[in-house]
Structure formats: structure tokens, C-alpha cells
file my_file.pdb (PDB, C-alpha atoms, pLDDT in the B column)
ATOM      1  CA  MET A1187       0.000   0.000   0.000  1.00 44.00           C
ATOM      2  CA  ARG A1188       1.194   3.449  -0.949  1.00 46.00           C
ATOM      3  CA  LYS A1189       1.804   5.930   1.877  1.00 48.00           C
ATOM      4  CA  PRO A1190       0.396   9.451   1.293  1.00 47.00           C
ATOM      5  CA  LYS A1191       2.919  12.219   0.743  1.00 53.00           C
ATOM      6  CA  ASN A1192       3.668  14.511   3.620  1.00 51.00           C
ATOM      7  CA  ARG A1193       3.753  17.893   1.887  1.00 51.00           C
ATOM      8  CA  GLU A1194       5.251  20.674   3.891  1.00 65.00           C
ATOM      9  CA  ASN A1195       4.508  23.453   1.459  1.00 88.00           C
ATOM     10  CA  ARG A1196       1.085  25.074   1.786  1.00 92.00           C
ATOM     11  CA  ASN A1197       1.150  26.162  -1.879  1.00 92.00           C
ATOM     12  CA  ASP A1198       1.744  22.572  -2.992  1.00 93.00           C
ATOM     13  CA  ILE A1199      -1.414  21.556  -1.143  1.00 94.00           C
ATOM     14  CA  LEU A1200      -3.364  24.473  -2.652  1.00 95.00           C
ATOM     15  CA  GLN A1201      -2.150  23.654  -6.158  1.00 94.00           C
ATOM     16  CA  ALA A1202      -2.939  19.943  -5.850  1.00 95.00           C
ATOM     17  CA  SER A1203      -6.343  20.679  -4.278  1.00 95.00           C
ATOM     18  CA  PHE A1204      -7.187  23.205  -6.985  1.00 94.00           C
ATOM     19  CA  GLU A1205      -6.283  20.792  -9.781  1.00 94.00           C
ATOM     20  CA  PHE A1206      -8.213  17.938  -8.159  1.00 94.00           C
ATOM     21  CA  LEU A1207     -11.327  19.955  -7.335  1.00 94.00           C
ATOM     22  CA  SER A1208     -11.344  21.649 -10.750  1.00 93.00           C
ATOM     23  CA  LYS A1209     -11.496  18.221 -12.388  1.00 92.00           C
ATOM     24  CA  ASN A1210     -13.764  16.459  -9.894  1.00 90.00           C
ATOM     25  CA  GLY A1211     -15.917  19.188  -8.403  1.00 86.00           C
ATOM     26  CA  LEU A1212     -16.875  19.717  -4.827  1.00 83.00           C
ATOM     27  CA  GLU A1213     -20.168  17.863  -4.575  1.00 80.00           C
ATOM     28  CA  ASN A1214     -20.269  15.741  -1.420  1.00 78.00           C
ATOM     29  CA  ILE A1215     -16.496  15.366  -1.192  1.00 87.00           C
ATOM     30  CA  SER A1216     -15.067  14.631   2.231  1.00 91.00           C
ATOM     31  CA  MET A1217     -11.644  15.643   3.485  1.00 92.00           C
ATOM     32  CA  ARG A1218     -10.585  11.988   3.347  1.00 92.00           C
ATOM     33  CA  GLU A1219     -11.597  11.727  -0.311  1.00 94.00           C
ATOM     34  CA  LEU A1220      -9.843  14.973  -1.143  1.00 94.00           C
ATOM     35  CA  CYS A1221      -6.661  13.908   0.661  1.00 94.00           C
ATOM     36  CA  LYS A1222      -6.746  10.543  -1.088  1.00 94.00           C
ATOM     37  CA  GLY A1223      -7.286  12.291  -4.443  1.00 93.00           C
ATOM     38  CA  ILE A1224      -4.272  14.558  -3.985  1.00 94.00           C
ATOM     39  CA  ASP A1225      -2.159  11.850  -2.345  1.00 93.00           C
ATOM     40  CA  ILE A1226      -1.545  13.674   0.919  1.00 92.00           C
ATOM     41  CA  SER A1227      -2.028  12.807   4.564  1.00 91.00           C
ATOM     42  CA  ILE A1228      -4.973  14.402   6.309  1.00 92.00           C
ATOM     43  CA  GLY A1229      -2.593  15.522   9.060  1.00 91.00           C
ATOM     44  CA  SER A1230      -0.622  17.619   6.569  1.00 90.00           C
ATOM     45  CA  VAL A1231      -3.804  19.365   5.469  1.00 92.00           C
ATOM     46  CA  TYR A1232      -4.862  20.110   9.040  1.00 92.00           C
ATOM     47  CA  TYR A1233      -1.384  21.394   9.810  1.00 92.00           C
ATOM     48  CA  TRP A1234      -1.876  24.178   7.263  1.00 93.00           C
ATOM     49  CA  PHE A1235      -5.669  24.634   7.285  1.00 95.00           C
ATOM     50  CA  GLU A1236      -8.042  24.933  10.213  1.00 94.00           C
ATOM     51  CA  ASN A1237     -10.896  23.075   8.512  1.00 93.00           C
ATOM     52  CA  LYS A1238     -12.363  22.041   5.172  1.00 91.00           C
ATOM     53  CA  GLU A1239     -13.986  25.445   4.639  1.00 89.00           C
ATOM     54  CA  GLN A1240     -10.663  27.243   4.993  1.00 92.00           C
ATOM     55  CA  LEU A1241      -8.954  24.796   2.632  1.00 94.00           C
ATOM     56  CA  ILE A1242     -11.682  25.206  -0.002  1.00 92.00           C
ATOM     57  CA  ALA A1243     -11.751  29.012   0.302  1.00 90.00           C
ATOM     58  CA  ASP A1244      -7.950  29.271   0.192  1.00 93.00           C
ATOM     59  CA  THR A1245      -7.872  26.842  -2.745  1.00 93.00           C
ATOM     60  CA  ALA A1246     -10.396  28.931  -4.684  1.00 91.00           C
ATOM     61  CA  GLU A1247      -8.498  32.137  -3.993  1.00 89.00           C
ATOM     62  CA  TYR A1248      -5.212  30.496  -4.986  1.00 93.00           C
ATOM     63  CA  GLY A1249      -6.787  29.195  -8.196  1.00 92.00           C
ATOM     64  CA  LEU A1250      -8.417  32.490  -9.104  1.00 87.00           C
ATOM     65  CA  ILE A1251      -5.161  34.383  -8.703  1.00 87.00           C
ATOM     66  CA  THR A1252      -3.185  31.723 -10.588  1.00 92.00           C
ATOM     67  CA  VAL A1253      -5.614  31.601 -13.519  1.00 92.00           C
ATOM     68  CA  SER A1254      -6.056  35.403 -13.653  1.00 86.00           C
ATOM     69  CA  ASP A1255      -2.300  35.945 -13.609  1.00 88.00           C
ATOM     70  CA  ASP A1256      -1.806  33.423 -16.411  1.00 91.00           C
ATOM     71  CA  ILE A1257      -4.518  34.903 -18.629  1.00 88.00           C
ATOM     72  CA  PHE A1258      -3.397  38.493 -18.048  1.00 84.00           C
ATOM     73  CA  ALA A1259       0.299  37.569 -18.484  1.00 85.00           C
ATOM     74  CA  HIS A1260      -0.511  36.300 -21.969  1.00 83.00           C
ATOM     75  CA  ALA A1261      -2.612  39.384 -22.650  1.00 80.00           C
ATOM     76  CA  PHE A1262       0.298  41.636 -21.674  1.00 79.00           C
ATOM     77  CA  LYS A1263       2.738  39.863 -23.986  1.00 80.00           C
ATOM     78  CA  ASN A1264       1.014  41.402 -27.022  1.00 79.00           C
ATOM     79  CA  ILE A1265      -0.637  44.368 -25.353  1.00 79.00           C
ATOM     80  CA  CYS A1266       0.167  46.703 -28.237  1.00 78.00           C
ATOM     81  CA  ASP A1267      -1.707  44.341 -30.568  1.00 83.00           C
ATOM     82  CA  LEU A1268      -4.909  43.973 -28.585  1.00 80.00           C
ATOM     83  CA  HIS A1269      -6.762  42.001 -31.220  1.00 80.00           C
ATOM     84  CA  SER A1270      -4.088  39.263 -31.241  1.00 85.00           C
ATOM     85  CA  SER A1271      -3.805  39.496 -27.484  1.00 85.00           C
ATOM     86  CA  PHE A1272      -7.528  38.798 -27.074  1.00 86.00           C
ATOM     87  CA  GLU A1273      -7.313  35.777 -29.385  1.00 86.00           C
ATOM     88  CA  ILE A1274      -4.521  34.384 -27.227  1.00 88.00           C
ATOM     89  CA  CYS A1275      -6.622  35.099 -24.129  1.00 87.00           C
ATOM     90  CA  LEU A1276      -9.500  33.151 -25.641  1.00 89.00           C
ATOM     91  CA  GLU A1277      -7.185  30.138 -25.975  1.00 91.00           C
ATOM     92  CA  LYS A1278      -6.051  30.570 -22.358  1.00 91.00           C
ATOM     93  CA  MET A1279      -9.700  30.746 -21.263  1.00 90.00           C
ATOM     94  CA  GLU A1280     -10.314  27.398 -22.933  1.00 92.00           C
ATOM     95  CA  GLU A1281      -7.244  25.954 -21.230  1.00 93.00           C
ATOM     96  CA  HIS A1282      -8.520  27.072 -17.813  1.00 93.00           C
ATOM     97  CA  ARG A1283     -12.217  26.439 -18.387  1.00 92.00           C
ATOM     98  CA  GLU A1284     -12.564  23.627 -15.807  1.00 92.00           C
ATOM     99  CA  ALA A1285     -10.785  25.716 -13.198  1.00 92.00           C
ATOM    100  CA  LEU A1286     -12.908  28.776 -13.934  1.00 91.00           C
ATOM    101  CA  ARG A1287     -16.078  26.707 -13.666  1.00 91.00           C
ATOM    102  CA  PHE A1288     -14.941  25.419 -10.283  1.00 91.00           C
ATOM    103  CA  ILE A1289     -14.366  28.989  -9.066  1.00 89.00           C
ATOM    104  CA  TYR A1290     -17.782  29.994 -10.377  1.00 88.00           C
ATOM    105  CA  GLN A1291     -19.351  26.966  -8.662  1.00 88.00           C
ATOM    106  CA  LEU A1292     -17.863  28.083  -5.353  1.00 88.00           C
ATOM    107  CA  ALA A1293     -18.891  31.705  -5.827  1.00 87.00           C
ATOM    108  CA  CYS A1294     -22.505  30.542  -6.276  1.00 88.00           C
ATOM    109  CA  SER A1295     -22.392  28.002  -3.456  1.00 88.00           C
ATOM    110  CA  PRO A1296     -24.664  28.555  -0.458  1.00 89.00           C
ATOM    111  CA  VAL A1297     -21.850  27.222   1.741  1.00 85.00           C
ATOM    112  CA  TYR A1298     -18.792  28.967   0.255  1.00 88.00           C
ATOM    113  CA  GLY A1299     -20.302  31.811  -1.781  1.00 88.00           C
ATOM    114  CA  ASP A1300     -20.062  34.609   0.776  1.00 90.00           C
ATOM    115  CA  ILE A1301     -16.466  33.698   1.618  1.00 87.00           C
ATOM    116  CA  ILE A1302     -15.392  33.484  -2.036  1.00 85.00           C
ATOM    117  CA  ARG A1303     -17.153  36.697  -3.033  1.00 84.00           C
ATOM    118  CA  LYS A1304     -15.467  38.526  -0.127  1.00 84.00           C
ATOM    119  CA  ARG A1305     -12.088  37.232  -1.236  1.00 80.00           C
ATOM    120  CA  CYS A1306     -12.836  38.300  -4.802  1.00 78.00           C
ATOM    121  CA  ASP A1307     -13.495  41.798  -3.456  1.00 78.00           C
ATOM    122  CA  ASP A1308      -9.973  41.625  -2.071  1.00 76.00           C
ATOM    123  CA  LEU A1309      -8.726  41.210  -5.670  1.00 79.00           C
ATOM    124  CA  GLU A1310      -9.680  44.806  -6.443  1.00 85.00           C
ATOM    125  CA  PRO A1311      -6.036  45.966  -6.076  1.00 89.00           C
ATOM    126  CA  VAL A1312      -4.892  43.210  -8.440  1.00 86.00           C
ATOM    127  CA  TYR A1313      -7.357  44.281 -11.137  1.00 88.00           C
ATOM    128  CA  HIS A1314      -6.381  47.890 -10.556  1.00 93.00           C
ATOM    129  CA  GLU A1315      -2.730  46.954 -11.157  1.00 91.00           C
ATOM    130  CA  TYR A1316      -3.750  45.251 -14.409  1.00 89.00           C
ATOM    131  CA  ALA A1317      -5.531  48.461 -15.431  1.00 93.00           C
ATOM    132  CA  ILE A1318      -2.459  50.553 -14.582  1.00 94.00           C
ATOM    133  CA  SER A1319      -0.220  48.266 -16.664  1.00 89.00           C
ATOM    134  CA  ILE A1320      -2.590  48.468 -19.620  1.00 89.00           C
ATOM    135  CA  SER A1321      -2.871  52.249 -19.208  1.00 92.00           C
ATOM    136  CA  LYS A1322       0.894  52.645 -19.340  1.00 92.00           C
ATOM    137  CA  ALA A1323       1.302  50.317 -22.318  1.00 87.00           C
ATOM    138  CA  LEU A1324      -1.466  51.950 -24.338  1.00 87.00           C
ATOM    139  CA  ASP A1325      -1.100  55.497 -23.025  1.00 91.00           C
ATOM    140  CA  LEU A1326      -4.668  55.580 -21.692  1.00 92.00           C
ATOM    141  CA  SER A1327      -6.225  56.797 -18.479  1.00 94.00           C
ATOM    142  CA  VAL A1328      -6.929  54.233 -15.752  1.00 95.00           C
ATOM    143  CA  ASP A1329     -10.470  55.655 -15.769  1.00 95.00           C
ATOM    144  CA  ILE A1330     -10.815  54.100 -19.229  1.00 93.00           C
ATOM    145  CA  THR A1331      -8.943  50.840 -18.647  1.00 93.00           C
ATOM    146  CA  LEU A1332     -10.308  49.779 -15.245  1.00 95.00           C
ATOM    147  CA  PRO A1333     -13.939  49.295 -16.370  1.00 95.00           C
ATOM    148  CA  LEU A1334     -12.633  47.419 -19.414  1.00 92.00           C
ATOM    149  CA  VAL A1335     -10.610  45.108 -17.156  1.00 91.00           C
ATOM    150  CA  TYR A1336     -13.823  44.324 -15.263  1.00 92.00           C
ATOM    151  CA  LEU A1337     -15.647  43.673 -18.531  1.00 93.00           C
ATOM    152  CA  PHE A1338     -12.802  41.382 -19.562  1.00 90.00           C
ATOM    153  CA  VAL A1339     -13.075  39.430 -16.293  1.00 88.00           C
ATOM    154  CA  SER A1340     -16.846  39.140 -16.854  1.00 91.00           C
ATOM    155  CA  ALA A1341     -16.235  37.834 -20.380  1.00 92.00           C
ATOM    156  CA  VAL A1342     -13.809  35.243 -18.983  1.00 89.00           C
ATOM    157  CA  MET A1343     -16.373  33.967 -16.464  1.00 88.00           C
ATOM    158  CA  ASP A1344     -19.143  34.024 -19.073  1.00 91.00           C
ATOM    159  CA  TYR A1345     -16.998  31.843 -21.314  1.00 91.00           C
ATOM    160  CA  ALA A1346     -16.244  29.498 -18.427  1.00 88.00           C
ATOM    161  CA  ILE A1347     -19.946  28.982 -17.826  1.00 90.00           C
ATOM    162  CA  TRP A1348     -21.319  28.765 -21.351  1.00 92.00           C
ATOM    163  CA  GLY A1349     -18.297  27.950 -23.519  1.00 90.00           C
ATOM    164  CA  ASP A1350     -19.642  30.034 -26.397  1.00 93.00           C
ATOM    165  CA  ARG A1351     -16.533  31.172 -28.284  1.00 91.00           C
ATOM    166  CA  GLU A1352     -18.429  33.391 -30.713  1.00 93.00           C
ATOM    167  CA  LYS A1353     -20.273  35.222 -27.945  1.00 94.00           C
ATOM    168  CA  THR A1354     -17.025  35.660 -26.023  1.00 93.00           C
ATOM    169  CA  ARG A1355     -15.239  36.825 -29.161  1.00 91.00           C
ATOM    170  CA  ASP A1356     -18.013  39.437 -29.598  1.00 93.00           C
ATOM    171  CA  GLN A1357     -17.489  40.554 -25.996  1.00 93.00           C
ATOM    172  CA  LEU A1358     -13.731  40.817 -26.519  1.00 91.00           C
ATOM    173  CA  ASP A1359     -14.266  42.717 -29.783  1.00 91.00           C
ATOM    174  CA  TYR A1360     -16.481  45.170 -27.903  1.00 92.00           C
ATOM    175  CA  ILE A1361     -13.774  45.664 -25.266  1.00 91.00           C
ATOM    176  CA  TYR A1362     -11.199  46.079 -28.035  1.00 87.00           C
ATOM    177  CA  ARG A1363     -13.319  48.806 -29.683  1.00 88.00           C
ATOM    178  CA  ARG A1364     -13.612  50.631 -26.332  1.00 88.00           C
ATOM    179  CA  PHE A1365      -9.811  50.567 -25.966  1.00 84.00           C
ATOM    180  CA  VAL A1366      -9.398  51.906 -29.484  1.00 82.00           C
ATOM    181  CA  GLU A1367     -11.986  54.636 -28.872  1.00 84.00           C
ATOM    182  CA  GLY A1368     -10.157  55.530 -25.660  1.00 78.00           C
ATOM    183  CA  LYS A1369      -7.005  56.169 -27.659  1.00 73.00           C
ATOM    184  CA  ALA A1370      -8.796  58.439 -30.116  1.00 66.00           C
TER
END

call {"tool": "encode", "arguments": {"input": "my_file.pdb", "output": "C-alpha cells"}}
result
Amino acid sequence: MRKPKNRENRNDILQASFEFLSKNGLENISMRELCKGIDISIGSVYYWFENKEQLIADTAEYGLITVSDDIFAHAFKNICDLHSSFEICLEKMEEHREALRFIYQLACSPVYGDIIRKRCDDLEPVYHEYAISISKALDLSVDITLPLVYLFVSAVMDYAIWGDREKTRDQLDYIYRRFVEGKA
């Protein structure tokens, strides 16, 4: 019989939990099942996390930041060519679709929803930093870019839920036009 790994790094547990829960969902999963699924001892989890709720909330926050950073990092690579950048982002959205659906599931959950939504409010400074970076790259006011960042995040979540590439492409085209108009 295989002995579970004793992971000492909290981020390793968050990453493994996020990957597992993104693929398998959260419905009726116990801590034992989760620990078995990520090949870790339950003691290691309780060393780092007070309870299941804290682990799930921290996992969702970790995943949201990881996915957002990855999508925006690819967007920033071609920021001067927004149209190409948005096409790349659409591919990244598809790559992270399971993970985004998991985050959405938690945000709508009667058990975890309030916690996740509060933590998403704490991401305001992160989105503001994205807007500042875009503003500098495109020589636009943050007053123009910040609402467009929020629209972009909404388009990402909409795609995660419905998977409609054409609708999402239309949303990204709209955002693109607003950026272009902002430069005029």
C-alpha cells in the first residue's frame, strides 16, 4: 500500500487541491476523499488549514489568482496588438475552463459563496494593477482601462460557464473597440 505524501509546502497543497477539485468538483467530497485524491495525509492538510472550509476558500483564492495571472500575463505579452492578445486570451480561457467553472461553482455556493465573493473583493487591487499596466502600455487613463478590465473578467467567467466562443469573441471585440476609442 502506498503511503500518502507529507507535503510541507502550503502552496503545494493548494495547487494539488485546486487541480483535483477543478477536475472532480466539490459535490459531497469529504476531506478523506480529497486527501486521497491529492495523495496527501490528512494531518498535513490540518497542519496548514483549520478546517475544510478554509482549505476550499484558500484553494479557490489560490486558483483564481493563478488563472487570472496566467490569462493576463498572456494578454500583456502582445498588449500593443490587442486584437491578437484577445485571441490568445480566448485560448487561455479554454485551457482554464474547468478551473474557472470550479471557481464559479464556489462563488454561487450557499456554503462557500459569501467567503469566495469577499475574497474576490480583495482582488480589487490586483485588477487595478492590471488596469495601470494596460494604461501605461497603451497610453490611456486608468479611468478608461479599469472598467474594461472588469468587462474582460466578466467575459472570462461568461466563457467558463457557457463555452460560447463566438459570444465571447463578440465581448472581446467590444472591449477592443472601447480601448481603441479611448485612444482616439

call {"tool": "residues_around", "arguments": {"input": "my_file.pdb", "residues": "A:Glu1367", "least_positions_apart": "4", "cutoff": "12 Å", "atoms": "only C-alpha atoms", "output": "VMD selection string"}}
result
chain A and resid 1324 1326 1330 to 1331 1334 1360 to 1363

call {"tool": "atom_distance", "arguments": {"input": "my_file.pdb", "atom1": "atom CA of A:Lys1263", "atom2": "atom CA of A:Ala1317"}}
result
14.7 Å

call {"tool": "closest_residue", "arguments": {"input": "my_file.pdb", "among": "A:Leu1212, A:Leu1250, A:Leu1332, A:Ile1226", "to": "A:Arg1303", "atoms": "only C-alpha atoms"}}
result
A:Leu1250

call {"tool": "atom_distance", "arguments": {"input": "my_file.pdb", "atom1": "atom CA of A:Tyr1248", "atom2": "atom CA of A:Gln1201"}}
result
7.6 Å

call {"tool": "resolve_selection", "arguments": {"input": "my_file.pdb", "expression": "the PyMOL selection byres ((chain A and resi 1289) around 12)", "output": "MDAnalysis selection string"}}
result
chainID A and resid 1204:1205 1207:1209 1211:1212 1242:1254 1282:1288 1290:1295 1298:1299 1301:1303 1305:1306 1342:1343 1346:1347

call {"tool": "write_last_selection", "arguments": {"input": "my_file.pdb", "atoms": "C-alpha atoms", "output": "compact mmCIF listing (two decimals), in the coordinates of the input"}}
result
# COMPACT_ATOMS: atom_id res chain seq x y z
CA PHE A 1204 -7.19 23.20 -6.98
CA GLU A 1205 -6.28 20.79 -9.78
CA LEU A 1207 -11.33 19.95 -7.34
CA SER A 1208 -11.34 21.65 -10.75
CA LYS A 1209 -11.50 18.22 -12.39
CA GLY A 1211 -15.92 19.19 -8.40
CA LEU A 1212 -16.88 19.72 -4.83
CA ILE A 1242 -11.68 25.21 0.00
CA ALA A 1243 -11.75 29.01 0.30
CA ASP A 1244 -7.95 29.27 0.19
CA THR A 1245 -7.87 26.84 -2.74
CA ALA A 1246 -10.40 28.93 -4.68
CA GLU A 1247 -8.50 32.14 -3.99
CA TYR A 1248 -5.21 30.50 -4.99
CA GLY A 1249 -6.79 29.20 -8.20
CA LEU A 1250 -8.42 32.49 -9.10
CA ILE A 1251 -5.16 34.38 -8.70
CA THR A 1252 -3.18 31.72 -10.59
CA VAL A 1253 -5.61 31.60 -13.52
CA SER A 1254 -6.06 35.40 -13.65
CA HIS A 1282 -8.52 27.07 -17.81
CA ARG A 1283 -12.22 26.44 -18.39
CA GLU A 1284 -12.56 23.63 -15.81
CA ALA A 1285 -10.78 25.72 -13.20
CA LEU A 1286 -12.91 28.78 -13.93
CA ARG A 1287 -16.08 26.71 -13.67
CA PHE A 1288 -14.94 25.42 -10.28
CA TYR A 1290 -17.78 29.99 -10.38
CA GLN A 1291 -19.35 26.97 -8.66
CA LEU A 1292 -17.86 28.08 -5.35
CA ALA A 1293 -18.89 31.70 -5.83
CA CYS A 1294 -22.50 30.54 -6.28
CA SER A 1295 -22.39 28.00 -3.46
CA TYR A 1298 -18.79 28.97 0.26
CA GLY A 1299 -20.30 31.81 -1.78
CA ILE A 1301 -16.47 33.70 1.62
CA ILE A 1302 -15.39 33.48 -2.04
CA ARG A 1303 -17.15 36.70 -3.03
CA ARG A 1305 -12.09 37.23 -1.24
CA CYS A 1306 -12.84 38.30 -4.80
CA VAL A 1342 -13.81 35.24 -18.98
CA MET A 1343 -16.37 33.97 -16.46
CA ALA A 1346 -16.24 29.50 -18.43
CA ILE A 1347 -19.95 28.98 -17.83

call {"tool": "atom_distance", "arguments": {"input": "my_file.pdb", "atom1": "atom CA of A:Ile1224", "atom2": "atom CA of A:Phe1206"}}
result
6.7 Å

call {"tool": "resolve_selection", "arguments": {"input": "my_file.pdb", "expression": "the PyMOL selection byres ((chain A and resi 1235) around 12)", "output": "count of residues only"}}
result
23

call {"tool": "axis_aligned_box", "arguments": {"input": "my_file.pdb", "around": "stretch 1221-1225 of chain A", "padding_each_side": "6 Å", "output": "lines of an AutoDock Vina configuration file"}}
result
center_x = -4.7
center_y = 12.6
center_z = -1.9
size_x = 17.1
size_y = 16.0
size_z = 17.1

call {"tool": "closest_residue", "arguments": {"input": "my_file.pdb", "among": "A:Cys1266, A:Asp1359, A:Val1312, A:Ser1321", "to": "A:Leu1337", "atoms": "all atoms listed in the file"}}
result
A:Asp1359

call {"tool": "closest_residue", "arguments": {"input": "my_file.pdb", "among": "A:Asp1325, A:Cys1221, A:Arg1351, A:Ser1319", "to": "A:Ala1259", "atoms": "all atoms listed in the file"}}
result
A:Ser1319

call {"tool": "resolve_selection", "arguments": {"input": "my_file.pdb", "expression": "the PyMOL selection byres ((chain A and resi 1313) around 10)", "output": "MDAnalysis selection string"}}
result
chainID A and resid 1254 1258 1308:1312 1314:1319 1332:1333 1335:1336 1339

call {"tool": "write_last_selection", "arguments": {"input": "my_file.pdb", "atoms": "C-alpha atoms", "output": "PDB file, in the coordinates of the input"}}
result
ATOM      1  CA  SER A1254      -6.056  35.403 -13.653  1.00 86.00           C
ATOM      2  CA  PHE A1258      -3.397  38.493 -18.048  1.00 84.00           C
ATOM      3  CA  ASP A1308      -9.973  41.625  -2.071  1.00 76.00           C
ATOM      4  CA  LEU A1309      -8.726  41.210  -5.670  1.00 79.00           C
ATOM      5  CA  GLU A1310      -9.680  44.806  -6.443  1.00 85.00           C
ATOM      6  CA  PRO A1311      -6.036  45.966  -6.076  1.00 89.00           C
ATOM      7  CA  VAL A1312      -4.892  43.210  -8.440  1.00 86.00           C
ATOM      8  CA  HIS A1314      -6.381  47.890 -10.556  1.00 93.00           C
ATOM      9  CA  GLU A1315      -2.730  46.954 -11.157  1.00 91.00           C
ATOM     10  CA  TYR A1316      -3.750  45.251 -14.409  1.00 89.00           C
ATOM     11  CA  ALA A1317      -5.531  48.461 -15.431  1.00 93.00           C
ATOM     12  CA  ILE A1318      -2.459  50.553 -14.582  1.00 94.00           C
ATOM     13  CA  SER A1319      -0.220  48.266 -16.664  1.00 89.00           C
ATOM     14  CA  LEU A1332     -10.308  49.779 -15.245  1.00 95.00           C
ATOM     15  CA  PRO A1333     -13.939  49.295 -16.370  1.00 95.00           C
ATOM     16  CA  VAL A1335     -10.610  45.108 -17.156  1.00 91.00           C
ATOM     17  CA  TYR A1336     -13.823  44.324 -15.263  1.00 92.00           C
ATOM     18  CA  VAL A1339     -13.075  39.430 -16.293  1.00 88.00           C
TER      19      VAL A1339
END

call {"tool": "closest_residue", "arguments": {"input": "my_file.pdb", "among": "A:Lys1304, A:Lys1222, A:Arg1355, A:Lys1322", "to": "A:Cys1275", "atoms": "all atoms listed in the file"}}
result
A:Arg1355

call {"tool": "closest_residue", "arguments": {"input": "my_file.pdb", "among": "A:Val1297, A:Gly1368, A:Ile1320, A:Leu1358", "to": "A:Ser1270", "atoms": "only C-alpha atoms"}}
result
A:Leu1358

call {"tool": "closest_residue", "arguments": {"input": "my_file.pdb", "among": "A:Ser1327, A:Asp1356, A:Phe1338, A:Asn1214", "to": "A:Ala1261", "atoms": "only C-alpha atoms"}}
result
A:Phe1338

call {"tool": "decode", "arguments": {"input": "my_file.pdb", "residues": "stretch 1232-1245 of chain A", "atoms": "N, CA and C atoms", "output": "short mmCIF file (atom, residue, chain, number, x, y, z; two decimals), in the first residue's frame"}}
result
data_model
loop_
_atom_site.label_atom_id
_atom_site.label_comp_id
_atom_site.auth_asym_id
_atom_site.auth_seq_id
_atom_site.Cartn_x
_atom_site.Cartn_y
_atom_site.Cartn_z
N TYR A 1232 -4.45 19.42 7.82
CA TYR A 1232 -4.86 20.11 9.04
C TYR A 1232 -3.72 20.87 9.71
N TYR A 1233 -2.50 20.59 9.33
CA TYR A 1233 -1.38 21.39 9.81
C TYR A 1233 -1.48 22.81 9.24
N TRP A 1234 -1.84 22.90 7.96
CA TRP A 1234 -1.88 24.18 7.26
C TRP A 1234 -3.24 24.86 7.28
N PHE A 1235 -4.32 24.09 7.41
CA PHE A 1235 -5.67 24.63 7.28
C PHE A 1235 -6.51 24.21 8.49
N GLU A 1236 -7.24 25.16 9.02
CA GLU A 1236 -8.04 24.93 10.21
C GLU A 1236 -9.15 23.90 9.99
N ASN A 1237 -9.78 23.97 8.82
CA ASN A 1237 -10.90 23.07 8.51
C ASN A 1237 -11.10 23.01 7.00
N LYS A 1238 -12.07 22.22 6.59
CA LYS A 1238 -12.36 22.04 5.17
C LYS A 1238 -12.75 23.37 4.51
N GLU A 1239 -13.54 24.18 5.20
CA GLU A 1239 -13.99 25.45 4.64
C GLU A 1239 -12.81 26.36 4.33
N GLN A 1240 -11.84 26.41 5.24
CA GLN A 1240 -10.66 27.24 4.99
C GLN A 1240 -9.85 26.70 3.82
N LEU A 1241 -9.68 25.39 3.75
CA LEU A 1241 -8.95 24.80 2.63
C LEU A 1241 -9.64 25.12 1.31
N ILE A 1242 -10.95 24.96 1.24
CA ILE A 1242 -11.68 25.21 0.00
C ILE A 1242 -11.59 26.68 -0.38
N ALA A 1243 -11.81 27.57 0.58
CA ALA A 1243 -11.75 29.01 0.30
C ALA A 1243 -10.35 29.43 -0.14
N ASP A 1244 -9.33 28.95 0.56
CA ASP A 1244 -7.95 29.27 0.19
C ASP A 1244 -7.60 28.68 -1.17
N THR A 1245 -8.11 27.49 -1.45
CA THR A 1245 -7.87 26.84 -2.75
C THR A 1245 -8.49 27.66 -3.87
#
